[in-house]
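Peer 1: Got a structure here, written out as structure tokens. Questions coming.
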Amino acid sequence: MSNLSELLPSGGGQNVVEFTADGAISSGKPVILNSDGTVTEVAETSISESVGTPVVFEAAASTWTSASYDSTNNKIIIAYQDIANSNYGTAVVGTVSGTSISFGTPVVFESGYTQYTGSTFDAANGKVVIGYADATNSGYGTAIVGTVSGTSISFGSAVVFESANIGDLSAAYDSNSGKVVISYFDSGNSSYGTAIVGTVSGTSISFGSPVVFNSASSNFNFVTYDSNAQKVVIAYRDVGNSNYGTAIVGTVSGTSISFGSESVFNSNLSTDISSAYDANAQKVVVAYRDYGNSSYGTAIVGTVSGTSISFGSSTVFNTGTSDNMTVVYDANAVKTVIAYTDTSNSSYGTLVVGTVSGASISFGSETVFEAATATNLSSAYDVSAAKVVISYRDATNSEHGTAVVFQNASTETNLTATNFIGLASAAISDTASGDINVKGGINEAQTGLTIGSDYYVQSDGSLASDFIPFDISGAAFIDSFSIASQESFATGIGFNADGTKMFIVGFGGDAVYEYNLSTGFDVSTASYSQNFSVASQDTSPRGIAFNNNGTKMFVVGDVGKDVNEYTLSTGFDVSTASYSQNFSVNAQETGPTDVEFNSDGTKMFIVGRDGDEVNEYTLGTGFDVSTASYSQTFDISSQETVALGIAFNTSGTKMFIVGQTGDDVNEYSTTAASTTVKAGRAISATTINMMDLT
């Protein structure tokens, strides 16, 4: 049952209804209505860590696997060398469902001997980029662009980026510059560590000039992108410096890249290096095999500052010989997952979950995901499914290309946008009947609740009261400020944190207009400052939002039906803005009018004039639209059919919608977030989850 109007009639306070309990219910606890008419206590369920069943994606010997996530299509792409098919470069598209994954038909992207595959996803262009060494063409460094459609992938023409034999290739997408960075060793130049910047256009890619980051032989190169610092970090073995584990920070500018100074993270021979960016801690986690410590699997946390990186103390995650490391960040669990070959345990495929705190990382127990010899590991995080996918070569199964889905431990609630009904008058045993005080009802037996106060149901079943100074019933006009000299058709407004800057966007001028306010949030003190044109991206801008420090600006456009992201080198100063990337919302809303984010940027909300709804998106990395994926929808058609603006209060417990048809501001309560709700977990809007005990 999703419609509770009969049980919760307008003005129907003091309703007490008898229900049968499904599970024991404690006195005074919030309960939900089940589809069979029974009631259950609101609670969170712990989801245990679990591993799905391994699935073969290539029923033949496969190696050089590389996994990436397509956030536009919510698919996993695995690139590899198909040994049984003349060692051709091949790719396959995977779809995650629960803890399982299914695959489409493999597609050849290079009809030649292919090695050292490395892949990434260009979110601005919605394309997969695969780099590799084309051994049929003298081992030249080569790249190709792939486009996913359904469960298949098609490719443009291959492009050579290094006319020499290369190896140990890795690729990452720099969302700030909208470029792909490929790192490798250049055998044509003494195997020096080298990086190059690629620009995707359509189904092709072009490159700038190669740049040396280490003037010595560099092996096990692995590049990752730090979205907070807006830098790439390359970790590698520096053969010219006693094979020490080393890292360096790169800054992309145009089609080139420059580097800071090298930083040693392990003063021992280091191999099997991999890394990932922890968006929650804003740190880079590097995993490696430490030959100076019995080849133990080891990890270390790096902090990027400017053009340098510093490291905390190393932590051993496997007291045995560890090979084939791959690291991935799980945004839902807010954990880092390291998968590896545990040579000390029959070379089983094994993983361990790490939690970053400050400049250190701690680990739980190891988990075997493949009780057989697993090599050539690679991993990717599926943002939409909130699962980690590990690809590998299963040596015990004829070297077949195989993948497995990993579910991190987490919690989920049985509370939804429509199922909350009320409070239990007294304890009710399982299968017994008892009274429920539905919304608006008074129960004097409930101790600790203040009559006349508002209470909010938490995802774990607790009740919280919050004074939230957002009550539009007391609204009154104060003042106005004319913007006619700048914008004749204003469609969006935003402020900085203290209200001393105001921003207006509209399609009369196709620009963002910045105003200074001598008194915060007092428009009578406003004065025009400057503007920034967004016409190159959209000639009908509708809504505007910023990240917390104003270094990122987001403008939703009606023509492009997308969210355009801009980088500001000085926070809330539009004169320093430059276009970065975009994210299409056309599949959900064909007339987007406004955009809003939650406090850490892991949720994005879009309203528009066509959909009569609020569309919610999850971002794997806060305020990085390249990591966005559609999550869910909340219908507002009963209140507004042409939504033009959206806003939330600071805690996210109230949502406000303004539109064309109602000539009013519609206020909604939302399920209050609790500390047990992880970043990326859905908070669904509802108008019935607030207990009004009057």
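FYI, nothing fancy with the structure tokens labels: chains A, B, ... in order, residues from 1 per chain, ligands from 1 as they appear.
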Produce a table with one row for each residue of region 173-205 of chain A that has an atom at most 6 Å from any atom of region 150-166 of chain A, each row naming the nearest atom pair and its distance in Å at one decimal; use only C-alpha atoms; arrange rows by chain and rising residue number; format as CSV.
Peer 2:
```
residue,atom,partner,partner_atom,distance
A:Phe185,CA,A:Ile166,CA,5.6
A:Asp186,CA,A:Ile166,CA,4.9
A:Ser187,CA,A:Asn165,CA,5.3
A:Gly188,CA,A:Ala164,CA,5.1
A:Thr203,CA,A:Gly156,CA,4.9
A:Ser204,CA,A:Gly156,CA,5.8
```
Peer 1: Restricted to C-alpha atoms, what would the selected residues look like written as a CSV table (one decimal), in the first residue's frame?
Peer 2:
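Okay, this is what ended up in selection_28.csv:
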```
chain,number,residue,atom,x,y,z
A,185,PHE,CA,57.6,4.0,-19.3
A,186,ASP,CA,59.1,5.0,-22.6
A,187,SER,CA,61.5,2.3,-23.9
A,188,GLY,CA,62.5,4.6,-26.7
A,203,THR,CA,35.0,9.1,-31.2
A,204,SER,CA,38.6,10.2,-31.5
```
Peer 1: Please provide as a PyMOL selection string all residues within 10 Å of region 46-51 of chain A, with the sequence filter that same-chain residues fewer than 5 positions apart are discarded (counting only C-alpha atoms).
Peer 2: chain A and resi 99-100+353+367-370+388-389+404-413
Peer 1: As a short mmCIF file (atom, residue, chain, number, x, y, z; two decimals) with N, CA and C atoms, in the first residue's frame, please: the residues near region 75-85 of chain A (cut-off 8 Å, only C-alpha atoms, same-chain neighbours under 2 positions excluded).
Peer 2:
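What follows is the written file selection_14.cif:
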```
data_model
loop_
_atom_site.label_atom_id
_atom_site.label_comp_id
_atom_site.auth_asym_id
_atom_site.auth_seq_id
_atom_site.Cartn_x
_atom_site.Cartn_y
_atom_site.Cartn_z
N GLU A 58 35.21 -13.86 -20.65
CA GLU A 58 35.91 -14.35 -21.84
C GLU A 58 36.30 -15.80 -21.60
N ALA A 60 38.21 -17.94 -22.57
CA ALA A 60 39.50 -18.23 -23.19
C ALA A 60 40.56 -17.54 -22.35
N ALA A 61 41.81 -17.88 -22.60
CA ALA A 61 42.90 -17.27 -21.85
C ALA A 61 42.92 -15.77 -22.09
N SER A 62 42.94 -15.00 -21.00
CA SER A 62 42.90 -13.54 -21.09
C SER A 62 43.91 -12.94 -20.12
N THR A 63 44.48 -11.82 -20.51
CA THR A 63 45.44 -11.15 -19.64
C THR A 63 45.41 -9.65 -19.89
N TRP A 64 46.23 -8.89 -19.14
CA TRP A 64 46.27 -7.43 -19.24
C TRP A 64 44.86 -6.83 -19.06
N THR A 65 44.13 -7.29 -18.06
CA THR A 65 42.78 -6.77 -17.85
C THR A 65 42.82 -5.36 -17.24
N SER A 66 41.85 -4.55 -17.62
CA SER A 66 41.71 -3.20 -17.08
C SER A 66 40.23 -2.86 -17.02
N ALA A 67 39.74 -2.51 -15.83
CA ALA A 67 38.31 -2.23 -15.64
C ALA A 67 38.08 -0.73 -15.42
N SER A 68 36.95 -0.23 -15.94
CA SER A 68 36.55 1.16 -15.72
C SER A 68 35.03 1.22 -15.64
N TYR A 69 34.51 2.36 -15.14
CA TYR A 69 33.06 2.52 -14.96
C TYR A 69 32.56 3.65 -15.84
N ASP A 70 31.54 3.35 -16.64
CA ASP A 70 30.88 4.32 -17.50
C ASP A 70 29.69 4.89 -16.72
N SER A 71 29.84 6.13 -16.19
CA SER A 71 28.79 6.73 -15.36
C SER A 71 27.61 7.24 -16.18
N ASN A 73 26.20 5.45 -18.72
CA ASN A 73 25.35 4.28 -18.98
C ASN A 73 25.28 3.31 -17.81
N ASN A 87 45.74 -12.76 -29.51
CA ASN A 87 46.17 -11.72 -28.57
C ASN A 87 45.59 -10.35 -28.88
N TYR A 88 44.44 -10.34 -29.54
CA TYR A 88 43.80 -9.09 -29.92
C TYR A 88 43.32 -8.31 -28.68
N GLY A 89 43.35 -7.00 -28.81
CA GLY A 89 42.77 -6.15 -27.78
C GLY A 89 41.26 -6.22 -27.85
N THR A 90 40.61 -6.50 -26.73
CA THR A 90 39.18 -6.77 -26.70
C THR A 90 38.55 -6.07 -25.49
N ALA A 91 37.29 -5.73 -25.62
CA ALA A 91 36.57 -5.11 -24.51
C ALA A 91 35.18 -5.71 -24.41
N VAL A 92 34.63 -5.68 -23.20
CA VAL A 92 33.30 -6.24 -22.97
C VAL A 92 32.58 -5.36 -21.95
N VAL A 93 31.25 -5.26 -22.09
CA VAL A 93 30.44 -4.41 -21.23
C VAL A 93 29.71 -5.26 -20.19
N GLY A 94 29.82 -4.86 -18.93
CA GLY A 94 29.18 -5.60 -17.85
C GLY A 94 28.10 -4.80 -17.16
N THR A 95 27.03 -5.48 -16.75
CA THR A 95 25.91 -4.86 -16.04
C THR A 95 25.78 -5.50 -14.67
N VAL A 96 25.90 -4.69 -13.63
CA VAL A 96 25.82 -5.19 -12.26
C VAL A 96 24.36 -5.21 -11.80
N TYR A 113 48.49 -7.71 -31.66
CA TYR A 113 48.99 -8.14 -30.35
C TYR A 113 48.96 -6.94 -29.40
N THR A 114 48.13 -7.04 -28.36
CA THR A 114 47.86 -5.90 -27.48
C THR A 114 48.35 -6.19 -26.06
N GLN A 115 49.10 -5.23 -25.48
CA GLN A 115 49.63 -5.40 -24.14
C GLN A 115 49.37 -4.14 -23.30
N THR A 117 47.14 -2.90 -21.22
CA THR A 117 45.92 -2.09 -21.34
C THR A 117 45.68 -1.29 -20.06
N GLY A 118 45.23 -0.07 -20.25
CA GLY A 118 44.83 0.79 -19.15
C GLY A 118 43.64 1.61 -19.61
N SER A 119 42.59 1.72 -18.81
CA SER A 119 41.39 2.40 -19.29
C SER A 119 40.85 3.38 -18.26
N ILE A 130 40.75 3.71 -23.86
CA ILE A 130 41.63 2.57 -23.58
C ILE A 130 43.00 2.86 -24.17
N ALA A 380 36.96 -1.67 -10.48
CA ALA A 380 36.23 -0.43 -10.73
C ALA A 380 35.04 -0.38 -9.79
N ASP A 382 31.15 0.65 -9.30
CA ASP A 382 29.89 0.96 -9.97
C ASP A 382 29.08 1.87 -9.05
N VAL A 389 33.60 -4.01 -8.57
CA VAL A 389 33.78 -5.11 -9.52
C VAL A 389 35.27 -5.37 -9.69
N SER A 391 38.05 -7.63 -11.78
CA SER A 391 38.30 -8.50 -12.94
C SER A 391 39.67 -9.15 -12.77
#
```
Peer 1: Please return as a PyMOL selection string: the residues of region 248-412 of chain A that backbone DSSP assigns to strand (DSSP E).
Peer 2: chain A and resi 248-253+256-259+263-278+283-290+296-305+308-311+315-330+335-342+348-357+360-363+367-382+387-394+400-407+410-412
Peer 1: Select, from A:Val534, A:Val523, A:Val327, A:Val249, the residue with the minimum atom-to-atom distance to Tyr277 (chain A), counting only C-alpha atoms.
Peer 2: A:Val327
Peer 1: Considering only C-alpha atoms, return as a PyMOL selection string whatever protein or nucleic-acid residues lie within 8 Å of region 330-337 of chain A, sequence-local ones (same chain, fewer than 5 positions apart) excluded.
Peer 2: chain A and resi 276+278-280+285+351-356+381+383+386-388+408-410+620-621+678-681
Peer 1: To one decimal place in Å, what is the distance between CA of Phe532 (chain A) and CA of Val512 (chain A)?
Peer 2: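 Spanning CA of Phe532 (chain A) to CA of Val512 (chain A) is a straight-line distance of 5.2 Å.
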